[in-house]
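Undergrad: Take a look at the following structure, please.
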Amino acid sequence: KLKRKAWSALCGFTHGGYAQVSWRLSGNEIVSDFGDEQVIILLGIADALTLQTVVALSVLAENESMAEEIMASHKEIFSGEA
């Protein structure tokens, strides 16, 4: 599910083509010109991958309570609820 959601965005950041050209051309220069939207997309993908990895490691360690604590902390941090 994560691959399906992230694949297009990740390909746009890593391979040539329209996405790379549009993010790097600025007037007469070729520069790094990633906007807030692209940064937010990448941070969201990194967050999802990290969460999945930590929960999977908790399951492999047969520590279900740790997985539940991680999920609860993540929800609290990223939902804006304190």
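Chains: A, B, ... in order of the structure tokens. Residues: from 1 per chain. Ligands: from 1, in order shown.
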List every residue of chain A that DSSP, applied to the backbone, labels as strand (DSSP E or B), and write the result as a list in words.

TA: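 Matching residues for strand (DSSP E or B) in chain A are Leu25, Ser26, Glu29 and Ile30 of chain A.
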
Undergrad: Could you build a table of the residues in range 34-57 of chain A lying no more than 12 Å from range 71-77 of chain A, giving for each the nearest pair of atoms and their separation in Å rounded to one decimal place, using only C-alpha atoms, ordered by chain and ascending residue number, as JSON lines?

TA:
```
{"residue": "A:Asp47", "atom": "CA", "partner": "A:His74", "partner_atom": "CA", "distance": 9.5}
{"residue": "A:Ala48", "atom": "CA", "partner": "A:His74", "partner_atom": "CA", "distance": 10.2}
{"residue": "A:Thr50", "atom": "CA", "partner": "A:His74", "partner_atom": "CA", "distance": 10.7}
{"residue": "A:Leu51", "atom": "CA", "partner": "A:Met71", "partner_atom": "CA", "distance": 7.8}
{"residue": "A:Gln52", "atom": "CA", "partner": "A:Met71", "partner_atom": "CA", "distance": 9.6}
{"residue": "A:Thr53", "atom": "CA", "partner": "A:Met71", "partner_atom": "CA", "distance": 11.7}
{"residue": "A:Val54", "atom": "CA", "partner": "A:Met71", "partner_atom": "CA", "distance": 9.5}
{"residue": "A:Val55", "atom": "CA", "partner": "A:Met71", "partner_atom": "CA", "distance": 7.7}
{"residue": "A:Ala56", "atom": "CA", "partner": "A:Met71", "partner_atom": "CA", "distance": 11.4}
```

Undergrad: Go ahead and dump the residues you just picked, N, CA, C and O atoms, as a tab-separated table (two decimals), in the first residue's frame.

TA:
```
chain	number	residue	atom	x	y	z
A	47	ASP	N	8.38	9.39	7.09
A	47	ASP	CA	7.65	9.09	8.33
A	47	ASP	C	6.97	7.73	8.23
A	47	ASP	O	7.07	6.91	9.15
A	48	ALA	N	6.27	7.49	7.15
A	48	ALA	CA	5.54	6.22	6.99
A	48	ALA	C	6.49	5.03	6.96
A	48	ALA	O	6.23	4.00	7.59
A	50	THR	N	9.51	4.86	8.28
A	50	THR	CA	10.10	4.70	9.61
A	50	THR	C	9.11	4.03	10.56
A	50	THR	O	9.48	3.10	11.29
A	51	LEU	N	7.87	4.48	10.55
A	51	LEU	CA	6.86	3.89	11.42
A	51	LEU	C	6.67	2.41	11.11
A	51	LEU	O	6.65	1.57	12.02
A	52	GLN	N	6.56	2.08	9.84
A	52	GLN	CA	6.38	0.67	9.46
A	52	GLN	C	7.57	-0.18	9.89
A	52	GLN	O	7.40	-1.30	10.36
A	53	THR	N	8.77	0.36	9.74
A	53	THR	CA	9.98	-0.38	10.12
A	53	THR	C	10.02	-0.64	11.62
A	53	THR	O	10.28	-1.76	12.06
A	54	VAL	N	9.76	0.39	12.41
A	54	VAL	CA	9.83	0.24	13.87
A	54	VAL	C	8.75	-0.72	14.37
A	54	VAL	O	9.00	-1.57	15.22
A	55	VAL	N	7.55	-0.61	13.83
A	55	VAL	CA	6.48	-1.52	14.24
A	55	VAL	C	6.83	-2.95	13.83
A	55	VAL	O	6.64	-3.89	14.61
A	56	ALA	N	7.35	-3.14	12.64
A	56	ALA	CA	7.73	-4.48	12.19
A	56	ALA	C	8.82	-5.07	13.08
A	56	ALA	O	8.77	-6.25	13.43
```

Undergrad: Using only C-alpha atoms, which protein or nucleic acid residues come within 9 Å of range 1-6 of chain A? Drop anything in the same chain fewer than 2 positions from it, and give the result as a VMD selection string.

TA: chain A and resid 8 to 11 41 to 42 45 48 to 49

Undergrad: CA of Ala61 in chain A and CA of Ser79 in chain A are how many Å apart?

TA: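 Atom-to-atom, CA of Ala61 in chain A and CA of Ser79 in chain A are spaced 27.1 Å apart.
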
Undergrad: Between CA of Gln20 in chain A and CA of Ser32 in chain A, measure the distance and give it in Å to one decimal.

TA: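 Rounded to one decimal, the two atoms are 9.4 Å apart.
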